Amino acid sequence: MDTVRIRGGDKVFIAIVRKELSNHLASFRFWVGALLTVGLAWSSTLVAARDYNLRLGSFRERVASHRQELAAVSVYSYLQPVVVRPPEPLSVLDQGFDSRLGTEVAIHPFAIPAEATGGYRSNELLVSAPAADLTTIVSVVLGLLALLLIHDAIVGERETGMLRAVFAHGVKRSTFLAAKVTGGLLTLLLPLTAGLLVSLALFRFEVKVPLTADQWLRVGGLVAAYVAYLLLMLLLGLLISLQFRSTSRALGLSVLVWFVLTIVIPQAARAVASDLAPVAGARRDAEHKVAELTAERNRHLAAELRRDPLRTGFNGHTAISLASGEHEAVRYRNGSASYYDSLASFYRGEVPRGARQAGQVFAIEQRYQARLRTGERIGAALAVVSPAFLLNLVSESFAGTSMAEHDRFLDAARRYRLTLLAYLERKGAFRSWRWFTDDPPAALHPWPGYLGLAPEEVPPDQVGRLFSRLSEPAVAARMRQDQEAIQNRSRRLPLDDLPRFAYRGPDFPDSLRQGAAAAFALLVFNALAAAAAWTRFRGYDLG
Amino acid sequence: MTLPENVDVAPSRTMGAELSGRGIVAVVARHELRQLTVTFRFRASAFLIVFLMLVAAVTAAARFRTEGEEQKALARDHARELAGATVDRAVEVLQPAVKPPWRLSLVVDGGQSATPDVYRQALSALVTPQLFHLHRGNERLPASPPLDWTLVIRVVLSLTAFLLGYDAVCGERRTGTLKLVLSYPVARWKIFSGKLLAIWSCLAAPFLAGGALSLLAAGLAGIPFQSADFVKASLVALLGLWAIFFSTLAALLVSSMARDSSSSLSILAWLWVTAVIVVPALGGLLAHRLHPIPAEGETAQEMVLIDQRIAREHAGRERRWRPLEWAASDGFAWERASAEAETRRFTQKEEVRRRVVQRKLGQAVLARTLGSLSPASLVTDLAARLAGTGLERDASFLEQSWAFRPVLAGWLRTLDAGDPESPHILFFSGYVSRRAVAGPGPRFHFHEASVSRGFAAAWPGLALFTCETLALAVAALFAFSRSDAG
């Protein structure tokens, strides 16, 4: 400080900032923090990038496989597009919820998407190692560094008598305070920039997907969140420095405050919200209610099927080939026209009924989701005083790895279901044979036909004997020939006009909206801390 | 004596008279204690320790209760499914092997609140076994390890030891007290021991009080502790006291070497970040890199290859299942061939699944080993081994679950053998006995590790931690005895 020359407010400000910067850069604590930041950023990005590549590979495989399955669909009941959430590239910087939650939703009339399933899972036995991403590094390492750098900003100068000397030269208190904070912030920006550059460079080399302009904007938002957090930590350190008469005590309290705000509160809040607001009972209730509705529907379906004697038991009209898939998907082959007419009348009523029941199930699942949200709110309310928690919320929003982003994906899936239902309605899918069979109406092959019989000519007591004759070599060869013809592409559904699922990662305004509340809280805390520091410093005894 | 807030050499002068008397270590310790216990940092630390241990007790009890209820519900559902079922149905029923809720989750969770605790397997080769964690928790909350004693030991006690000890030597050097104390004809190691004892006691007392209170609270909240649990908890408590001793030694070493209190605490804070956060995180990251687990796609590809191999080797003789009455005409020839193909398919796929699980276990073990380079993580690992939890409990659960399959097979085979009308195509629904299953069948009982087994698993780590402690003690004593009185 002795080299500071007073030549007007701006010059003083710059001189103090430069002095701060050079002092910090010469300190051991800065270099340890900087090296830890860069080292951790390098190692965590390397692993996160590999994890992202695996998830991206898995996503592409799943999309290709679902597309292949969809292309082979020959009946509408099997038309159940599976929508897959792509991994978020910026999860390399902030993992958030991106890899923890399901990524796939099957779209069909019988369920309204309430949660996603599947997705790439990491090692469920490896739970001891703490996760490290850039946000964790900033909140833990740089947050501590901020307090270590600033804790003696005032009290240290006071102890050495420098404070009185500086103000004897007419330096404004506001200039001095602002310069101290700016010097600390500029110092912190160096390891932050280095860590970010290392991460982005590794991202560029390891992940072969370039960032879009929008993603760059979100990276900018992420950096802004980091800066706001570090500024808050500096202001808290400054407040502590103003509160004590000894550097050592200020440092002790700074470390304690950092520990409580960064480690204890977020961890304890999560533990309390998770264990003291349990959701297991609500989940069991929801599962039981859904199971009851499903059982009721199955009973109803069985009863409806039995209404027509043609549909019960095995007879000459029955389709001998039946494939059934998930979510009430069925595909019949080798049945008679009257059998198919009977099935058509069954499905004409039952599919819309199933679609309506999906609403009831969704309402039950929504109640369970509301319970989860209550736990989430309790956790947030308990941890809201922690700047590290707020930083997490904001950075997850900008990284596109937040819970809100997952909700946005589910919203898109629900909208797509409505689009699919409208498409099926337009195609008359629920009313046609094509819901359940790909046998062409003009060229049916009821199984008795292979034995030279009409369906009506099969006596009920001869069904078993006649059916066994289908394994006779000549008959089996004819059937095989027909089955090969069925594999023909012409039997597949023409799906060129099938509406596509539209979901893209969040754009910058989306991210901003999602993180607005937490960002606002972070800014308010900054403003409060700055006001408190200024108020305290105005009447501060220079010693 | 250690307090900048009480920068006053007078107490040391009064202590001077006592120092010439007997029990120097006790005198120094008592004096240090008197000064430490009035400070904010001691009170804050003690409060934090006891508070977190009590929160740990309440949350662990709530978790134990929830997990227990979920497991009971699973058992009820399974019993309902099996009640009145035929052998034919029972072969397709998923039989759960359940790892019971960990009673000592409060003391050392060892990942038990997150790792899989249910392995469900049906005897039919057509049903894929499932391995999962029953208690899903609130997925809208960020994942975090539960609060337990080891978290308090690893995270809180280590930092609070640093906060209490960072200026124990350099702070006194600055105020001149150290010069005065060292001017007395007293061995330096005794003064060092007194300081060590004082800081250690400041943390040991709240830790033990918090431990006792938390056990009491958890017991009252419904965790049915057994006598062996108290032995294991006592061992972890002893380990916690040892860890406090270790952290205090580290604080005194740095304080003796640092030129001032600020440097001392800065160094200690970075040491803490490195030991508690950086090394374990790097251990996990390195384990991912050095011991990768097969990607989902690779496993799926292996499964496809198995399907192709089976299809090739059993061409035209697989997946042909007929109604019973039609199949009986040729003595179930098609079905026996199909069953053989399916059994081979299942065996080969199960080998792949188990290999993947073993690989995951290997990765977790490597992460733990690398993390154990940090004494903080080593202590957590030792606590888990002594209590019989952690990866050892997970591995034991998997082994016991896999060993349960032959037991189930023996039970249903016996039932099926007693039915002369059964085609005895084991274990394929439709081709085994249609008689009702008598009784509930064999139940899975998980065997927890004994205390002696915990010791056997922990001794290499205990030896390592002993060496580290001795080395640190020698270094700290050496640094203190060579420290300049200023």
# chains A, B, ... in the order shown; residues from 1 in each chain; ligands from 1

call {"tool": "closest_atom_pairs", "arguments": {"of": "chain A", "to": "chain B", "cutoff": "6 Å", "atoms": "only C-alpha atoms", "output": "CSV"}}
result
residue,atom,partner,partner_atom,distance
A:Asn123,CA,B:Lys360,CA,5.9
A:Glu124,CA,B:Thr115,CA,5.9
A:Leu125,CA,B:Thr115,CA,5.4
A:Leu126,CA,B:Ala364,CA,4.8
A:Val127,CA,B:Gly111,CA,5.9
A:Ala129,CA,B:Gly284,CA,5.1
A:Pro130,CA,B:Ala281,CA,5.3
A:Ser248,CA,B:Ser262,CA,5.5
A:Ala271,CA,B:Pro146,CA,5.8
A:Asp275,CA,B:Thr59,CA,5.3
A:Leu372,CA,B:Asn138,CA,5.9
A:Glu376,CA,B:Leu141,CA,5.8

call {"tool": "residues_around", "arguments": {"residues": "region 428-435 of chain B", "least_positions_apart": "2", "cutoff": "6 Å", "atoms": "only C-alpha atoms", "output": "short mmCIF file (atom, residue, chain, number, x, y, z; two decimals) with C-alpha atoms, in the first residue's frame"}}
result
data_model
loop_
_atom_site.label_atom_id
_atom_site.label_comp_id
_atom_site.auth_asym_id
_atom_site.auth_seq_id
_atom_site.Cartn_x
_atom_site.Cartn_y
_atom_site.Cartn_z
CA THR B 86 -48.70 -73.86 -8.32
CA VAL B 87 -45.15 -75.03 -8.92
CA ASP B 88 -45.83 -74.12 -12.52
CA SER B 124 -37.35 -69.89 -15.13
CA ASP B 416 -41.94 -81.14 -8.94
CA SER B 422 -45.38 -83.35 -14.40
CA PRO B 423 -43.31 -83.38 -17.61
CA HIS B 424 -40.37 -82.31 -15.35
CA ILE B 425 -38.97 -79.78 -17.79
CA LEU B 426 -37.27 -77.64 -15.20
#

call {"tool": "select_by_dssp", "arguments": {"residues": "region 38-234 of chain A", "states": "strand (DSSP E or B)", "output": "PyMOL selection string"}}
result
chain A and resi 82-84+104-106+108+111+117

call {"tool": "write_last_selection", "arguments": {"atoms": "N, CA and C atoms", "output": "mmCIF file, in the first residue's frame"}}
result
data_model
loop_
_atom_site.group_PDB
_atom_site.id
_atom_site.type_symbol
_atom_site.label_atom_id
_atom_site.label_comp_id
_atom_site.auth_asym_id
_atom_site.auth_seq_id
_atom_site.Cartn_x
_atom_site.Cartn_y
_atom_site.Cartn_z
ATOM 1 N N VAL A 82 -40.824 -44.302 -29.099
ATOM 2 C CA VAL A 82 -40.128 -44.031 -27.821
ATOM 3 C C VAL A 82 -39.316 -42.768 -28.011
ATOM 4 N N VAL A 83 -39.614 -41.761 -27.203
ATOM 5 C CA VAL A 83 -38.850 -40.515 -27.320
ATOM 6 C C VAL A 83 -37.711 -40.554 -26.307
ATOM 7 N N VAL A 84 -36.567 -40.114 -26.757
ATOM 8 C CA VAL A 84 -35.355 -40.214 -25.926
ATOM 9 C C VAL A 84 -34.782 -38.822 -25.706
ATOM 10 N N GLU A 104 -36.027 -42.070 -21.331
ATOM 11 C CA GLU A 104 -36.918 -42.585 -22.380
ATOM 12 C C GLU A 104 -38.378 -42.590 -21.944
ATOM 13 N N VAL A 105 -39.228 -42.254 -22.891
ATOM 14 C CA VAL A 105 -40.664 -42.313 -22.626
ATOM 15 C C VAL A 105 -41.346 -42.956 -23.839
ATOM 16 N N ALA A 106 -42.118 -44.002 -23.577
ATOM 17 C CA ALA A 106 -42.870 -44.632 -24.669
ATOM 18 C C ALA A 106 -44.185 -43.877 -24.828
ATOM 19 N N HIS A 108 -47.864 -43.719 -26.192
ATOM 20 C CA HIS A 108 -48.969 -44.568 -26.639
ATOM 21 C C HIS A 108 -50.250 -44.073 -25.976
ATOM 22 N N ALA A 111 -51.128 -44.411 -21.572
ATOM 23 C CA ALA A 111 -50.483 -43.753 -20.423
ATOM 24 C C ALA A 111 -50.048 -42.356 -20.810
ATOM 25 N N THR A 117 -37.953 -43.387 -18.077
ATOM 26 C CA THR A 117 -37.264 -44.586 -17.590
ATOM 27 C C THR A 117 -35.989 -44.780 -18.393
#

call {"tool": "closest_residue", "arguments": {"among": "A:Phe176, A:Ala168, A:Pro89, A:Phe97", "to": "Leu211 (chain A)", "atoms": "only C-alpha atoms"}}
result
A:Pro89

call {"tool": "closest_residue", "arguments": {"among": "B:Ala83, B:Leu182, B:Leu477, B:Val98", "to": "Phe446 (chain B)", "atoms": "only C-alpha atoms"}}
result
B:Val98

call {"tool": "atom_distance", "arguments": {"atom1": "CA of Leu104 (chain B)", "atom2": "CA of Ala46 (chain B)"}}
result
22.8 Å

call {"tool": "closest_residue", "arguments": {"among": "A:Pro509, A:Pro278, A:Gly359, A:Pro448", "to": "Leu293 (chain A)", "atoms": "only C-alpha atoms"}}
result
A:Gly359

call {"tool": "residues_around", "arguments": {"residues": "Leu90 (chain A)", "least_positions_apart": "6", "cutoff": "8 Å", "atoms": "only C-alpha atoms", "output": "JSON, numbers by chain"}}
result
{"A": [215, 219, 399, 400, 401]}

call {"tool": "select_by_dssp", "arguments": {"residues": "region 188-322 of chain B", "states": "helix (DSSP H, G or I)", "output": "ChimeraX atom specification"}}
result
/B:188-220,227-257,261-290,296-313

call {"tool": "atom_distance", "arguments": {"atom1": "CA of Ile16 (chain A)", "atom2": "CA of Thr535 (chain A)"}}
result
20.7 Å

call {"tool": "closest_residue", "arguments": {"among": "A:Phe110, A:Ala323, A:Gly515, A:Ala527", "to": "Arg353 (chain A)", "atoms": "only C-alpha atoms"}}
result
A:Phe110

call {"tool": "residues_around", "arguments": {"residues": "Ala502 (chain A)", "least_positions_apart": "5", "cutoff": "10 Å", "atoms": "only C-alpha atoms", "output": "PyMOL selection string"}}
result
chain A and resi 83+409+412-413+415-416

call {"tool": "write_last_selection", "arguments": {"atoms": "N, CA and C atoms", "output": "PDB file, in the first residue's frame"}}
result
ATOM      1  N   VAL A  83     -39.614 -41.761 -27.203  1.00  0.00           N
ATOM      2  CA  VAL A  83     -38.850 -40.515 -27.320  1.00  0.00           C
ATOM      3  C   VAL A  83     -37.711 -40.554 -26.307  1.00  0.00           C
ATOM      4  N   PHE A 409     -38.836 -31.723 -20.661  1.00  0.00           N
ATOM      5  CA  PHE A 409     -38.802 -32.868 -21.581  1.00  0.00           C
ATOM      6  C   PHE A 409     -40.092 -33.688 -21.441  1.00  0.00           C
ATOM      7  N   ALA A 412     -42.901 -31.992 -23.141  1.00  0.00           N
ATOM      8  CA  ALA A 412     -42.827 -32.192 -24.596  1.00  0.00           C
ATOM      9  C   ALA A 412     -43.349 -33.581 -24.952  1.00  0.00           C
ATOM     10  N   ALA A 413     -43.029 -34.574 -24.115  1.00  0.00           N
ATOM     11  CA  ALA A 413     -43.494 -35.944 -24.375  1.00  0.00           C
ATOM     12  C   ALA A 413     -45.022 -36.010 -24.287  1.00  0.00           C
ATOM     13  N   ARG A 415     -47.117 -33.534 -24.833  1.00  0.00           N
ATOM     14  CA  ARG A 415     -47.675 -32.859 -26.021  1.00  0.00           C
ATOM     15  C   ARG A 415     -47.602 -33.785 -27.229  1.00  0.00           C
ATOM     16  N   TYR A 416     -46.506 -34.509 -27.320  1.00  0.00           N
ATOM     17  CA  TYR A 416     -46.334 -35.409 -28.459  1.00  0.00           C
ATOM     18  C   TYR A 416     -47.361 -36.541 -28.420  1.00  0.00           C
TER      19      TYR A 416
END

call {"tool": "residues_around", "arguments": {"residues": "Phe246 (chain B)", "least_positions_apart": "3", "cutoff": "8 Å", "atoms": "only C-alpha atoms", "output": "list of chain:residue names"}}
result
B:Trp242, B:Ala243, B:Leu249, B:Ala250, B:Thr469, B:Leu472

call {"tool": "residues_around", "arguments": {"residues": "Ser58 (chain A)", "least_positions_apart": "2", "cutoff": "12 Å", "atoms": "only C-alpha atoms", "output": "PyMOL selection string"}}
result
(chain A and resi 51-56+60-65+84-87+99+103-104+118-121) or (chain B and resi 295-300)

call {"tool": "write_last_selection", "arguments": {"atoms": "N, CA and C atoms", "output": "PDB file, in the first residue's frame"}}
result
ATOM      1  N   ASP A  51     -17.940 -39.811 -19.805  1.00  0.00           N
ATOM      2  CA  ASP A  51     -19.290 -40.192 -19.393  1.00  0.00           C
ATOM      3  C   ASP A  51     -20.313 -39.651 -20.396  1.00  0.00           C
ATOM      4  N   TYR A  52     -20.086 -38.405 -20.840  1.00  0.00           N
ATOM      5  CA  TYR A  52     -21.012 -37.808 -21.812  1.00  0.00           C
ATOM      6  C   TYR A  52     -20.975 -38.596 -23.120  1.00  0.00           C
ATOM      7  N   ASN A  53     -19.755 -38.941 -23.558  1.00  0.00           N
ATOM      8  CA  ASN A  53     -19.635 -39.701 -24.812  1.00  0.00           C
ATOM      9  C   ASN A  53     -20.380 -41.024 -24.717  1.00  0.00           C
ATOM     10  N   LEU A  54     -20.265 -41.676 -23.544  1.00  0.00           N
ATOM     11  CA  LEU A  54     -20.974 -42.949 -23.363  1.00  0.00           C
ATOM     12  C   LEU A  54     -22.485 -42.729 -23.448  1.00  0.00           C
ATOM     13  N   ARG A  55     -22.927 -41.664 -22.783  1.00  0.00           N
ATOM     14  CA  ARG A  55     -24.372 -41.397 -22.787  1.00  0.00           C
ATOM     15  C   ARG A  55     -24.848 -41.010 -24.190  1.00  0.00           C
ATOM     16  N   LEU A  56     -23.991 -40.263 -24.902  1.00  0.00           N
ATOM     17  CA  LEU A  56     -24.358 -39.870 -26.257  1.00  0.00           C
ATOM     18  C   LEU A  56     -24.432 -41.113 -27.154  1.00  0.00           C
ATOM     19  N   ARG A  60     -27.690 -42.433 -29.087  1.00  0.00           N
ATOM     20  CA  ARG A  60     -27.769 -42.677 -30.537  1.00  0.00           C
ATOM     21  C   ARG A  60     -28.204 -44.109 -30.829  1.00  0.00           C
ATOM     22  N   GLU A  61     -27.648 -45.044 -30.032  1.00  0.00           N
ATOM     23  CA  GLU A  61     -28.042 -46.453 -30.221  1.00  0.00           C
ATOM     24  C   GLU A  61     -29.531 -46.628 -29.988  1.00  0.00           C
ATOM     25  N   ARG A  62     -30.003 -46.007 -28.898  1.00  0.00           N
ATOM     26  CA  ARG A  62     -31.416 -46.150 -28.544  1.00  0.00           C
ATOM     27  C   ARG A  62     -32.307 -45.543 -29.630  1.00  0.00           C
ATOM     28  N   VAL A  63     -31.922 -44.349 -30.104  1.00  0.00           N
ATOM     29  CA  VAL A  63     -32.733 -43.693 -31.138  1.00  0.00           C
ATOM     30  C   VAL A  63     -32.766 -44.554 -32.396  1.00  0.00           C
ATOM     31  N   ALA A  64     -31.575 -45.057 -32.799  1.00  0.00           N
ATOM     32  CA  ALA A  64     -31.510 -45.878 -34.014  1.00  0.00           C
ATOM     33  C   ALA A  64     -32.345 -47.138 -33.834  1.00  0.00           C
ATOM     34  N   SER A  65     -32.224 -47.743 -32.656  1.00  0.00           N
ATOM     35  CA  SER A  65     -32.958 -48.989 -32.417  1.00  0.00           C
ATOM     36  C   SER A  65     -34.470 -48.742 -32.404  1.00  0.00           C
ATOM     37  N   VAL A  84     -36.567 -40.114 -26.757  1.00  0.00           N
ATOM     38  CA  VAL A  84     -35.355 -40.214 -25.926  1.00  0.00           C
ATOM     39  C   VAL A  84     -34.782 -38.822 -25.706  1.00  0.00           C
ATOM     40  N   ARG A  85     -34.471 -38.553 -24.447  1.00  0.00           N
ATOM     41  CA  ARG A  85     -33.874 -37.243 -24.121  1.00  0.00           C
ATOM     42  C   ARG A  85     -32.380 -37.308 -24.412  1.00  0.00           C
ATOM     43  N   PRO A  86     -31.879 -36.413 -25.245  1.00  0.00           N
ATOM     44  CA  PRO A  86     -30.441 -36.460 -25.534  1.00  0.00           C
ATOM     45  C   PRO A  86     -29.636 -35.983 -24.322  1.00  0.00           C
ATOM     46  N   PRO A  87     -28.433 -36.499 -24.157  1.00  0.00           N
ATOM     47  CA  PRO A  87     -27.616 -35.991 -23.036  1.00  0.00           C
ATOM     48  C   PRO A  87     -27.236 -34.545 -23.313  1.00  0.00           C
ATOM     49  N   SER A  99     -27.519 -37.160 -15.724  1.00  0.00           N
ATOM     50  CA  SER A  99     -27.258 -38.594 -15.867  1.00  0.00           C
ATOM     51  C   SER A  99     -28.017 -39.418 -14.838  1.00  0.00           C
ATOM     52  N   THR A 103     -34.325 -41.360 -19.336  1.00  0.00           N
ATOM     53  CA  THR A 103     -34.228 -40.589 -20.578  1.00  0.00           C
ATOM     54  C   THR A 103     -35.267 -41.007 -21.616  1.00  0.00           C
ATOM     55  N   GLU A 104     -36.027 -42.070 -21.331  1.00  0.00           N
ATOM     56  CA  GLU A 104     -36.918 -42.585 -22.380  1.00  0.00           C
ATOM     57  C   GLU A 104     -38.378 -42.590 -21.944  1.00  0.00           C
ATOM     58  N   GLY A 118     -35.259 -45.817 -18.027  1.00  0.00           N
ATOM     59  CA  GLY A 118     -34.085 -46.224 -18.795  1.00  0.00           C
ATOM     60  C   GLY A 118     -32.973 -45.203 -18.750  1.00  0.00           C
ATOM     61  N   GLY A 119     -32.165 -45.233 -19.767  1.00  0.00           N
ATOM     62  CA  GLY A 119     -31.055 -44.297 -19.828  1.00  0.00           C
ATOM     63  C   GLY A 119     -29.782 -44.931 -19.328  1.00  0.00           C
ATOM     64  N   TYR A 120     -28.699 -44.248 -19.584  1.00  0.00           N
ATOM     65  CA  TYR A 120     -27.391 -44.768 -19.183  1.00  0.00           C
ATOM     66  C   TYR A 120     -27.239 -44.657 -17.679  1.00  0.00           C
ATOM     67  N   ARG A 121     -26.872 -45.761 -17.067  1.00  0.00           N
ATOM     68  CA  ARG A 121     -26.653 -45.736 -15.614  1.00  0.00           C
ATOM     69  C   ARG A 121     -25.165 -45.942 -15.336  1.00  0.00           C
TER      70      ARG A 121
ATOM     71  N   ALA B 295     -19.672 -50.498 -21.285  1.00  0.00           N
ATOM     72  CA  ALA B 295     -20.794 -49.614 -21.619  1.00  0.00           C
ATOM     73  C   ALA B 295     -22.027 -50.468 -21.869  1.00  0.00           C
ATOM     74  N   GLU B 296     -23.175 -49.820 -21.724  1.00  0.00           N
ATOM     75  CA  GLU B 296     -24.452 -50.522 -21.928  1.00  0.00           C
ATOM     76  C   GLU B 296     -24.494 -51.212 -23.296  1.00  0.00           C
ATOM     77  N   GLY B 297     -24.009 -50.481 -24.297  1.00  0.00           N
ATOM     78  CA  GLY B 297     -24.028 -50.996 -25.663  1.00  0.00           C
ATOM     79  C   GLY B 297     -23.184 -52.246 -25.802  1.00  0.00           C
ATOM     80  N   GLU B 298     -22.009 -52.252 -25.121  1.00  0.00           N
ATOM     81  CA  GLU B 298     -21.114 -53.420 -25.198  1.00  0.00           C
ATOM     82  C   GLU B 298     -21.802 -54.641 -24.607  1.00  0.00           C
ATOM     83  N   THR B 299     -22.456 -54.435 -23.444  1.00  0.00           N
ATOM     84  CA  THR B 299     -23.155 -55.555 -22.808  1.00  0.00           C
ATOM     85  C   THR B 299     -24.289 -56.044 -23.698  1.00  0.00           C
ATOM     86  N   ALA B 300     -25.030 -55.086 -24.258  1.00  0.00           N
ATOM     87  CA  ALA B 300     -26.150 -55.462 -25.138  1.00  0.00           C
ATOM     88  C   ALA B 300     -25.614 -56.239 -26.334  1.00  0.00           C
TER      89      ALA B 300
END

call {"tool": "residues_around", "arguments": {"residues": "region 311-314 of chain B", "least_positions_apart": "2", "cutoff": "10 Å", "atoms": "only C-alpha atoms", "output": "list in words"}}
result
Leu305, Ile306, Asp307, Gln308, Arg309, Gly316, Arg317, Glu318, Arg319, Ala337, Ser338, Glu340, Ala341, Glu342 and Arg345 of chain B

call {"tool": "write_last_selection", "arguments": {"atoms": "C-alpha atoms", "output": "CSV table (one decimal), in the first residue's frame"}}
result
chain,number,residue,atom,x,y,z
B,305,LEU,CA,-23.9,-62.5,-29.7
B,306,ILE,CA,-25.1,-65.1,-27.2
B,307,ASP,CA,-28.6,-65.1,-28.9
B,308,GLN,CA,-26.9,-65.6,-32.2
B,309,ARG,CA,-24.7,-68.4,-30.9
B,316,GLY,CA,-34.7,-75.0,-35.6
B,317,ARG,CA,-34.8,-76.6,-32.1
B,318,GLU,CA,-35.4,-73.6,-29.9
B,319,ARG,CA,-38.4,-71.5,-28.9
B,337,ALA,CA,-34.8,-79.1,-26.8
B,338,SER,CA,-36.2,-75.6,-26.4
B,340,GLU,CA,-32.0,-76.9,-23.1
B,341,ALA,CA,-31.4,-73.9,-25.5
B,342,GLU,CA,-33.0,-71.5,-23.1
B,345,ARG,CA,-28.9,-68.9,-23.1
